[in-house]
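This report refers to the structure that appears directly beneath it.
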Amino acid sequence: FDHSLVVNKEAEKYLPREPHDMYDKVHLLDFQPTCENLVIYIAEKIQNLLPPGIGLFSVRLYETATSYAEWYASDNQQ
């Protein structure tokens with residue numbers, strides 16, 4: 001099981017010197033990593049990796065067992 005820490009890069013100064021002692025991975029982002037913001041970020045990352053002709057339908061990110069954010073391609077088409 002991977003223990004990752006996802007924080008705004010502005011918070012980096014508050015991290016312990018060796019955060020990897022506590023976490024397997026530390027991800028510093030340019031935005032506040034709320035569940036809603038992360039689902040958009042993940043959708044964009046995945047879309048950029050897909051080959052031509054393959055589209056992403058949706059992304060669901062659980063914050064807790066009953067709380068989640070969803071992203072649907074159909075809601076985000078221009």
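All residue names refer to the structure tokens as shown: chains lettered A, B, ... in order, residues numbered from 1 in each chain, ligands numbered from 1 in order.
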
Q: Output as an NGL selection string all residues of chain A that backbone DSSP marks as strand (DSSP E or B).
A: :A and (4-8 or 25-29 or 58-62 or 68-72)

Atoms to include: C-alpha atoms. Write the selected residues as a CSV table (one decimal), in the first residue's frame.
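Result went into result-v2.csv, see below:
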```csv
chain,number,residue,atom,x,y,z
A,4,SER,CA,1.5,9.4,-0.6
A,5,LEU,CA,1.4,13.0,0.6
A,6,VAL,CA,-0.2,15.6,-1.8
A,7,VAL,CA,0.2,19.2,-0.8
A,8,ASN,CA,0.4,22.7,-2.3
A,25,LYS,CA,5.9,9.7,-2.3
A,26,VAL,CA,5.5,13.4,-1.9
A,27,HIS,CA,3.7,15.3,-4.6
A,28,LEU,CA,3.9,19.1,-4.6
A,29,LEU,CA,1.3,20.9,-6.7
A,58,SER,CA,-15.0,9.7,-16.4
A,59,VAL,CA,-12.9,9.9,-13.3
A,60,ARG,CA,-14.1,9.3,-9.7
A,61,LEU,CA,-11.9,10.1,-6.8
A,62,TYR,CA,-12.9,9.0,-3.3
A,68,TYR,CA,-16.1,11.6,-3.7
A,69,ALA,CA,-15.7,14.0,-6.7
A,70,GLU,CA,-16.5,13.0,-10.3
A,71,TRP,CA,-15.4,14.4,-13.6
A,72,TYR,CA,-17.3,13.5,-16.8
```

Q: Please identify which residues in segment 15-77 of chain A DSSP calls helix (DSSP H, G or I) from the backbone, and express them as a PyMOL selection string.
A: chain A and resi 19-21+35-49+73-75

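Nearest-residue note for Glu63 of chain A: choosing from A:Leu50, A:Ile42, A:Asn76, A:Glu36, the minimum distance belongs to A:Glu36, counting only C-alpha atoms.
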